[in-house]
Structures are given as structure tokens and as C-alpha cells.
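Printed here is model.txt (compact mmCIF, C-alpha atoms and all ligand atoms):
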```
# COMPACT_ATOMS: atom_id res chain seq x y z
CA MET A 608 64.29 44.24 -9.18
CA LEU A 609 60.54 44.77 -8.59
CA LYS A 610 57.81 44.55 -11.16
CA LEU A 611 54.11 44.99 -10.52
CA GLU A 612 51.75 44.00 -13.31
CA ASN A 613 48.16 45.24 -13.11
CA LEU A 614 48.19 44.74 -9.37
CA SER A 615 44.81 45.06 -7.67
CA VAL A 616 44.50 44.72 -3.91
CA ALA A 617 41.57 44.54 -1.50
CA VAL A 618 41.72 45.12 2.25
CA ASN A 619 39.06 43.27 4.23
CA ASP A 620 37.13 42.72 0.97
CA ARG A 621 37.23 46.43 0.10
CA PRO A 622 39.01 47.14 -3.21
CA ILE A 623 41.78 49.71 -2.62
CA LEU A 624 44.32 49.37 -5.43
CA HIS A 625 43.46 49.04 -9.11
CA ASP A 626 45.76 47.92 -11.91
CA VAL A 627 49.01 49.27 -10.50
CA ASN A 628 51.97 48.91 -12.85
CA LEU A 629 55.44 49.67 -11.57
CA HIS A 630 58.96 48.68 -12.56
CA ILE A 631 61.87 49.46 -10.27
CA LYS A 632 65.20 48.44 -11.77
CA PRO A 633 68.30 47.51 -9.74
CA GLY A 634 69.87 50.66 -8.30
CA GLU A 635 66.80 52.84 -8.79
CA VAL A 636 64.99 54.75 -6.07
CA HIS A 637 61.36 55.63 -6.74
CA VAL A 638 59.22 58.02 -4.75
CA LEU A 639 55.50 57.73 -4.17
CA PHE A 640 53.41 60.84 -3.58
CA GLY A 641 49.67 60.95 -3.02
CA PRO A 642 46.92 62.24 -0.75
CA ASN A 643 45.93 60.51 2.48
CA GLY A 644 43.95 57.33 2.17
CA THR A 645 44.76 56.76 -1.48
CA GLY A 646 46.48 53.41 -0.95
CA LYS A 647 50.21 54.16 -0.66
CA SER A 648 50.73 52.15 2.52
CA THR A 649 48.46 49.44 1.12
CA LEU A 650 50.81 49.12 -1.84
CA ILE A 651 53.84 48.60 0.38
CA SER A 652 51.94 46.15 2.58
CA ALA A 653 50.83 44.13 -0.45
CA ILE A 654 54.40 44.02 -1.82
CA MET A 655 55.60 42.75 1.57
CA GLY A 656 52.71 40.25 1.69
CA PHE A 657 51.15 41.27 4.99
CA ALA A 658 47.96 39.46 6.03
CA ARG A 659 44.64 41.19 5.23
CA TYR A 660 46.04 42.63 1.98
CA THR A 661 44.55 40.34 -0.66
CA VAL A 662 45.80 40.43 -4.22
CA THR A 663 42.63 40.29 -6.32
CA GLY A 664 44.38 40.63 -9.67
CA GLY A 665 47.78 40.97 -11.28
CA LYS A 666 51.24 39.83 -10.26
CA ILE A 667 54.23 40.85 -8.13
CA TYR A 668 57.66 39.86 -9.43
CA PHE A 669 60.84 40.26 -7.42
CA LYS A 670 64.22 39.51 -9.01
CA GLY A 671 62.29 37.84 -11.83
CA GLN A 672 60.44 35.49 -9.49
CA ASP A 673 56.66 35.52 -9.08
CA ILE A 674 56.18 36.23 -5.36
CA THR A 675 52.47 37.08 -5.52
CA LYS A 676 51.65 34.14 -3.25
CA SER A 677 54.87 34.00 -1.20
CA SER A 678 54.82 34.43 2.59
CA VAL A 679 56.21 37.52 4.32
CA ASP A 680 59.29 35.68 5.56
CA GLU A 681 60.03 34.26 2.10
CA ARG A 682 59.89 37.79 0.69
CA ALA A 683 62.15 39.10 3.47
CA ARG A 684 64.66 36.31 2.83
CA LEU A 685 64.62 37.10 -0.88
CA GLY A 686 65.68 40.64 0.00
CA ILE A 687 62.67 42.87 0.58
CA GLY A 688 62.78 45.12 3.63
CA VAL A 689 60.17 47.55 4.90
CA MET A 690 59.77 50.36 7.39
CA ILE A 691 56.07 50.74 8.12
CA GLN A 692 54.37 53.88 9.43
CA ARG A 693 53.24 52.61 12.80
CA PRO A 694 55.15 49.54 13.94
CA PRO A 695 53.86 47.79 17.08
CA THR A 696 55.47 47.82 20.51
CA LEU A 697 57.06 44.46 21.31
CA ARG A 698 57.32 44.00 25.07
CA GLY A 699 59.79 41.37 26.17
CA LEU A 700 61.92 41.60 23.02
CA THR A 701 64.85 43.99 23.17
CA VAL A 702 66.08 46.08 20.26
CA ARG A 703 69.36 44.14 20.40
CA GLU A 704 67.56 40.79 20.07
CA MET A 705 65.40 42.14 17.26
CA VAL A 706 68.40 43.47 15.32
CA GLN A 707 70.17 40.12 15.75
CA ILE A 708 67.08 38.31 14.38
CA CYS A 709 66.93 40.69 11.39
CA GLY A 710 70.65 40.36 10.71
CA LYS A 711 71.54 38.37 7.62
CA LYS A 712 74.94 37.29 8.83
CA GLN A 713 76.88 38.00 11.94
CA VAL A 714 76.28 41.72 12.29
CA ASP A 715 77.99 43.95 14.82
CA VAL A 716 74.89 45.33 16.53
CA ASP A 717 76.81 47.88 18.60
CA GLU A 718 78.64 49.25 15.57
CA LEU A 719 75.42 49.66 13.59
CA ALA A 720 73.57 51.16 16.56
CA ASP A 721 76.36 53.71 16.95
CA LYS A 722 75.77 54.93 13.38
CA ILE A 723 72.18 55.81 14.19
CA ASN A 724 72.47 56.94 17.83
CA MET A 725 70.67 53.87 19.16
CA VAL A 726 73.29 52.39 21.49
CA GLU A 727 71.43 53.44 24.63
CA PHE A 728 68.21 51.84 23.33
CA LEU A 729 69.59 48.36 22.64
CA GLU A 730 68.46 46.80 25.91
CA ARG A 731 64.98 48.36 25.82
CA GLY A 732 61.84 46.67 24.50
CA VAL A 733 61.23 47.33 20.79
CA ASN A 734 59.42 50.66 20.46
CA GLU A 735 58.51 50.62 24.16
CA GLY A 736 57.97 54.26 25.07
CA PHE A 737 59.93 55.42 21.99
CA SER A 738 59.32 58.86 20.48
CA GLY A 739 58.42 59.21 16.78
CA GLY A 740 62.03 59.75 15.75
CA GLU A 741 63.28 56.90 17.97
CA ILE A 742 60.81 54.48 16.37
CA LYS A 743 62.08 55.43 12.91
CA ARG A 744 65.70 55.01 13.99
CA SER A 745 64.96 51.64 15.56
CA GLU A 746 63.24 50.46 12.37
CA LEU A 747 66.16 51.70 10.26
CA LEU A 748 68.61 49.90 12.53
CA GLN A 749 66.75 46.65 11.84
CA LEU A 750 66.96 47.34 8.09
CA MET A 751 70.69 48.08 8.39
CA ALA A 752 71.13 44.62 9.86
CA GLN A 753 68.81 42.93 7.35
CA GLN A 754 70.60 44.45 4.34
CA PRO A 755 67.66 44.11 1.94
CA ASP A 756 68.06 44.63 -1.81
CA LEU A 757 64.75 46.48 -2.05
CA VAL A 758 64.08 48.96 0.76
CA MET A 759 60.56 50.33 1.19
CA LEU A 760 60.13 53.30 3.53
CA ASP A 761 56.67 54.56 4.46
CA GLU A 762 56.87 58.27 5.30
CA PRO A 763 60.29 58.06 6.96
CA GLU A 764 60.17 61.73 7.98
CA SER A 765 56.77 61.77 9.67
CA GLY A 766 57.00 62.64 13.35
CA VAL A 767 60.73 63.28 13.04
CA ASP A 768 62.41 66.59 13.87
CA ILE A 769 64.78 68.29 11.44
CA GLU A 770 67.99 66.98 13.00
CA ASN A 771 66.68 63.46 12.96
CA ILE A 772 65.53 63.74 9.34
CA ALA A 773 69.17 64.19 8.36
CA LEU A 774 70.07 61.10 10.35
CA VAL A 775 67.18 59.14 8.84
CA GLY A 776 68.32 60.22 5.35
CA LYS A 777 71.93 59.28 6.06
CA SER A 778 70.88 55.86 7.37
CA ALA A 779 68.58 55.25 4.41
CA ASN A 780 71.50 56.01 2.09
CA TYR A 781 73.63 53.59 4.07
CA ILE A 782 71.01 50.86 3.61
CA LEU A 783 70.76 51.70 -0.09
CA GLU A 784 74.57 51.67 -0.22
CA ARG A 785 74.51 55.11 -1.76
CA GLY A 786 77.56 57.10 -0.93
CA MET A 787 78.43 60.43 -2.47
CA ARG A 788 79.70 60.39 -6.04
CA LYS A 789 83.47 60.02 -5.92
CA ASN A 790 85.77 62.63 -7.41
CA GLY A 791 86.17 61.93 -11.11
CA GLN A 792 83.38 59.34 -11.15
CA THR A 793 80.89 60.03 -13.94
CA VAL A 794 77.19 60.25 -13.14
CA LYS A 795 76.64 57.26 -15.42
CA LYS A 796 79.25 55.15 -13.62
CA TYR A 797 77.88 56.25 -10.25
CA ARG A 798 74.42 55.15 -11.30
CA THR A 799 75.41 51.83 -12.85
CA ASP A 800 77.42 50.92 -9.76
CA ARG A 801 74.29 51.03 -7.67
CA LYS A 802 72.59 47.72 -7.03
CA LYS A 803 70.08 48.31 -4.27
CA SER A 804 66.65 49.75 -4.94
CA GLY A 805 64.18 51.80 -2.95
CA LEU A 806 60.53 52.74 -2.86
CA ILE A 807 59.90 55.73 -0.63
CA ILE A 808 56.56 57.21 0.34
CA THR A 809 56.73 60.87 1.29
CA HIS A 810 54.15 63.56 1.90
CA THR A 811 56.44 66.48 2.41
CA GLY A 812 59.34 65.54 0.15
CA HIS A 813 61.80 66.59 2.88
CA ILE A 814 63.55 63.26 2.67
CA LEU A 815 64.40 63.95 -0.99
CA GLN A 816 67.00 66.44 0.20
CA TYR A 817 68.95 63.49 1.58
CA ILE A 818 68.09 60.58 -0.70
CA PRO A 819 68.60 61.15 -4.42
CA ALA A 820 65.58 59.64 -6.16
CA ASP A 821 65.31 58.70 -9.83
CA THR A 822 61.58 58.70 -10.51
CA ALA A 823 58.40 59.78 -8.75
CA HIS A 824 54.83 58.58 -9.07
CA VAL A 825 51.57 60.05 -7.87
CA MET A 826 49.10 57.58 -6.50
CA TYR A 827 45.58 58.84 -6.89
CA GLN A 828 42.40 56.94 -6.10
CA GLY A 829 44.21 53.64 -5.80
CA THR A 830 46.26 53.71 -8.96
CA LEU A 831 49.49 55.28 -10.21
CA ALA A 832 48.19 58.29 -12.10
CA CYS A 833 51.44 59.77 -13.40
CA SER A 834 55.21 59.54 -13.18
CA GLY A 835 58.09 61.91 -13.67
CA ASN A 836 61.05 63.76 -12.22
CA PRO A 837 60.77 63.80 -8.39
CA GLN A 838 61.59 67.51 -7.86
CA GLU A 839 59.38 68.70 -10.73
CA MET A 840 56.46 66.61 -9.53
CA LEU A 841 56.89 67.79 -5.96
CA SER A 842 56.82 71.45 -6.96
CA CYS A 843 53.79 70.82 -9.21
CA ILE A 844 51.94 69.19 -6.29
CA GLN A 845 52.95 72.00 -3.93
CA LYS A 846 51.69 74.64 -6.38
CA LYS A 847 48.59 73.00 -7.78
CA GLY A 848 47.62 70.12 -5.51
CA TYR A 849 47.33 66.44 -6.36
CA GLU A 850 44.21 66.56 -8.46
CA GLU A 851 45.39 69.18 -10.90
CA CYS A 852 48.87 67.67 -11.03
CA VAL A 853 47.39 64.32 -12.04
CA ASN A 854 45.02 65.87 -14.57
CA CYS A 855 47.62 68.02 -16.28
CA ALA A 856 49.64 64.92 -17.07
CA LEU A 857 46.70 63.14 -18.72
N1 LIG B 901 43.67 47.04 7.70
C1 LIG B 901 42.75 47.80 7.10
N2 LIG B 901 41.42 47.59 7.31
C2 LIG B 901 40.50 48.36 6.68
N3 LIG B 901 40.76 49.35 5.83
C3 LIG B 901 42.05 49.59 5.58
C4 LIG B 901 43.12 48.86 6.19
N4 LIG B 901 44.30 49.32 5.73
C5 LIG B 901 43.98 50.35 4.89
N5 LIG B 901 42.64 50.50 4.80
C6 LIG B 901 41.94 51.52 4.01
O1 LIG B 901 42.52 51.58 2.74
C7 LIG B 901 42.55 52.92 2.26
C8 LIG B 901 43.98 53.27 1.86
O2 LIG B 901 44.77 53.37 3.04
P1 LIG B 901 46.34 53.58 3.02
O3 LIG B 901 46.95 52.59 2.09
O4 LIG B 901 46.80 53.54 4.42
O5 LIG B 901 46.45 55.04 2.41
P2 LIG B 901 47.68 56.06 2.38
O6 LIG B 901 48.90 55.33 2.87
O7 LIG B 901 47.79 56.48 0.95
O8 LIG B 901 47.31 57.20 3.27
C9 LIG B 901 42.01 53.80 3.38
O9 LIG B 901 40.69 54.12 3.08
C10 LIG B 901 42.11 52.91 4.59
O10 LIG B 901 41.13 53.19 5.54
MG MG B 902 50.06 55.68 4.49
```
Written as C-alpha cells, that's how I'd like the structure from this file.
Ligand SMILES: Nc1ncnc2c1ncn2[C@@H]1O[C@H](COP(=O)(O)OP(=O)(O)O)[C@@H](O)[C@H]1O
Ligand SMILES: [Mg+2]
Amino acid sequence: MLKLENLSVAVNDRPILHDVNLHIKPGEVHVLFGPNGTGKSTLISAIMGFARYTVTGGKIYFKGQDITKSSVDERARLGIGVMIQRPPTLRGLTVREMVQICGKKQVDVDELADKINMVEFLERGVNEGFSGGEIKRSELLQLMAQQPDLVMLDEPESGVDIENIALVGKSANYILERGMRKNGQTVKKYRTDRKKSGLIITHTGHILQYIPADTAHVMYQGTLACSGNPQEMLSCIQKKGYEECVNCAL
């Protein structure tokens, strides 16, 4: 689904990411851990193709296609969706209009909004006066309408209370089309039936209680320093901190 080959990225001429290699296959959800300022959000922004994030080396492939130089809207149309940490307020554009714009086909905005407790926000300006949790829900509602094949979430639980984390997790699973394993369905079958992929940045790991992830990576000083089982890596980081966790894997 997504393949990064030796990706290096600079922001305003400052090198941030160095030789990042990552392969997310269809149906896989990967988690990205890492200390503040190490380049996690930069990675997502570069994959989405936002301005100011200049690829200085390497390639980004999506569904086998080289998208390193594609525009943001081309990438979105190909099936990449993102929830950024601090989306802007858009005065004069209602949530309903925004969701309709994001929608691939004719989506039932009211039905989707009902799933994520956003019905009463539909006629308000996007993010205008929204709380932390409301911003996340509004962003997720847009992703529900967009139906991307690769969903990237940047710290979906930050600024969200416990009740809303469950709702955020449920909605992320809806976007990833990940239901519960059916009775009698083998783990293998459950996994191979999945098609949509995810890349989720999390500091706390709380969201992992709701979204089953396949692999985790630690980003350290602008590169992916190690990879492994999400729960094991999380407990290693909690016990020893990022630096030791990265070093013990070397
Ligand atoms: N638009 C920008 N202009 C200047 N520096 C930036 C910009 N975006 C990110 N950076 C810098 O890049 C580094 C990595 O930031 P970021 O990717 O947000 O880290 P993380 O998400 O891991 O906390 C930081 O030092 C940050 O200040
Ligand atoms: Mg960040």
C-alpha cells in the first residue's frame, strides 16, 4: 500500500528526516512512537505532500505508483487520508459542507455524523470554537466520508477525554473497516480480509486499546530506529525510555 525508500525530508531548508524506510502492506496498521520533535508529524506531512515539506532524497510509493512529486489533492484522490494534530479553523465553511466536499460518492452526512456524535455541529464553521475532542471528531467525520485506503492519524488521543477516546477508536476502526473478528473466523482469515491500512502516531499508546495494530516503529532523531510488536515496544518505552529502547534493539 505504502512504501518509503530512503526518504529524507527538509522543512524550510532544515533537514528533519533521514533515510526513512517503511513498508505498510494492505490491511496493516502500523504505529509510530517517538519523543517530541523527532519528526513524526513531518513524516505524515511529507507522505501527504503538504507544502514546506521538501523531499531531499528517496521515494514515496503508494499502491505501486511513485507519488513523490504528486500534489496533495492527487494523493487524496488516490486514497490517502490524514488527521493532523492542529487543523485550522475555517470560518464560513460549515462542517456539513466540508464533509460533502470530502465525500467520495454521495454520502449520507447526517448518518455518518450520528455515528460520531457530530449532528449538532454540522451547521457550525469547521473547528470554530471546537474543543480538543470535538476537533478530532470533526476530522474523523471528514475521513469517514472520504473513505481513504491509507489512514494516517497524528496523535488521535491528544486533548481527548477517556469517553471520547473510545469514540475516536471506534470511528478509526470504522474508517479502517475493522470490525470485530466474527465467530468461527480464523485470525488468518480476519487479517487477510482486511484491505485498508493505517499509520498511527501515539505518545501514550491509549489508542492501541481500541485499534489493533500489527507493527510499531520508534522514530528517533529523524529516522526509524527500530520496529517490533506494538505492546512490547510500548512497555519497553514506558519502562526504559526512548533512548534505551532504541539502543537495546541495535
Ligand atoms: N513548518 C515548520 N517550520 C519549521 N520547523 C518545523 C516545521 N514543522 C516541523 N518543524 C520542526 O521539525 C522538527 C520535527 O517536528 P515534528 O515532525 O512536528 O515532530 P514530532 O511530531 O515528532 O513531535 C521540530 O524540530 C520542528 O520544530
Ligand atoms: Mg507531532
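Between A:Lys722 and the residues A:Leu685, A:Gln754, A:Leu774, A:Pro695, the shortest atom-to-atom distance, using all atoms listed in the file, involves A:Leu774.
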TODO: One decimal, Å: what's the distance from atom CA of A:Arg693 over to atom CA of A:Leu614, could you say?
DONE: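 Spanning atom CA of A:Arg693 to atom CA of A:Leu614 is a straight-line distance of 24.1 Å.
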Could you list, with a cut-off of 6 Å and counting all atoms listed in the file, the residues of chain A near ligand LIG 901 (chain B), each shown with its nearest atom pair and the distance in Å rounded to one decimal, rows sorted by chain and ascending number, as a Markdown table?
```
| residue | atom | partner | partner_atom | distance |
| --- | --- | --- | --- | --- |
| A:Val618 | CA | B:LIG901 | C3 | 5.6 |
| A:Asn619 | CA | B:LIG901 | N2 | 5.8 |
| A:Ile623 | CA | B:LIG901 | O1 | 5.7 |
| A:Asn643 | CA | B:LIG901 | O8 | 3.7 |
| A:Gly644 | CA | B:LIG901 | O5 | 3.4 |
| A:Thr645 | CA | B:LIG901 | O7 | 3.9 |
| A:Gly646 | CA | B:LIG901 | O3 | 3.2 |
| A:Lys647 | CA | B:LIG901 | O7 | 3.7 |
| A:Ser648 | CA | B:LIG901 | O6 | 3.7 |
| A:Thr649 | CA | B:LIG901 | O3 | 3.6 |
```
Open item on the list: When you look at A:Asn836 with a cut-off of 10 Å (counting only C-alpha atoms), what residues show up, excluding the ones that are within fewer than 6 positions of it in the same chain? I need them as a ChimeraX atom specification.
Closed with: /A:637-638,820-824
TODO: Would you mind telling me which residue in A:Phe640, A:Phe669, A:Phe728, A:Phe737 lies nearest to A:Cys833 when using all atoms listed in the file?
DONE: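 Among A:Phe640, A:Phe669, A:Phe728, A:Phe737, it is A:Phe640 that comes nearest to A:Cys833.
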Task: Atomic distance atom CA of A:Leu639 - atom CA of A:Ile723, expressed in Å with one decimal - done: 24.9 Å
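Nearest residue to A:Glu635, choosing from A:Cys852, A:Asp717, A:Met608, A:Gly829 and counting all atoms listed in the file: A:Met608.
Remark: for ligand MG 902 (chain B), the closest of the candidate residues A:Ile708, A:Met690, A:Ala617, A:Leu697 is A:Met690 (distances computed over all atoms listed in the file).
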Open item on the list: Could you tell me how far atom CA of A:Arg744 sits from atom CA of A:Thr701, in Å to one decimal place?
Closed with: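 Distance between the two atoms: 14.4 Å.
Using all atoms listed in the file, the nearest neighbour of A:Pro633 within the list A:Lys712, A:His810, A:Arg698, A:Lys610 is A:Lys610.
Restricting the calculation to only C-alpha atoms and all ligand atoms, the smallest distance between ligand MG 902 (chain B) and any of A:Glu762, A:Asp715, A:Glu704, A:Asp768 is found for A:Glu762.
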Output, as AutoDock Vina command-line options, the centre and edge lengths in Å (one decimal) of the axis-aligned box that contains all listed atoms of stretch 613-629 of chain A with 6 Å of margin on each side.
```
--center_x 46.3 --center_y 46.2 --center_z -4.4 --size_x 30.3 --size_y 19.0 --size_z 29.3
```
Task: Exercise: residues within 12 Å of coordinate (51.7, 70.2, -7.0), counting all atoms listed in the file, as a PyMOL selection string - done: chain A and resi 640-642+810-812+825+837-856
Task: For A:Leu750: contacts at 8 Å, all atoms listed in the file, fewer than 4 positions along chain excluded, given as a count of residues only - done: 8
TODO: Write out as JSON, numbers by chain each polymer residue whose atoms come within 10 Å of A:Ala773, counting all atoms listed in the file; drop sequence neighbours fewer than 2 positions from it.
DONE: {"A": [764, 767, 768, 769, 770, 771, 775, 776, 777, 778, 779, 813, 814, 816, 817, 818]}
- [ ] Extract, using all atoms listed in the file, all DNA, RNA and protein residues at most 10 Å from A:Gln707, discarding same-chain residues fewer than 4 positions from it, and format them as a list in words.
- [x] Thr701, Val702, Arg703, Lys711, Lys712, Gln713, Val714, Asp715, Val716, Gln749, Ala752 and Gln753 of chain A
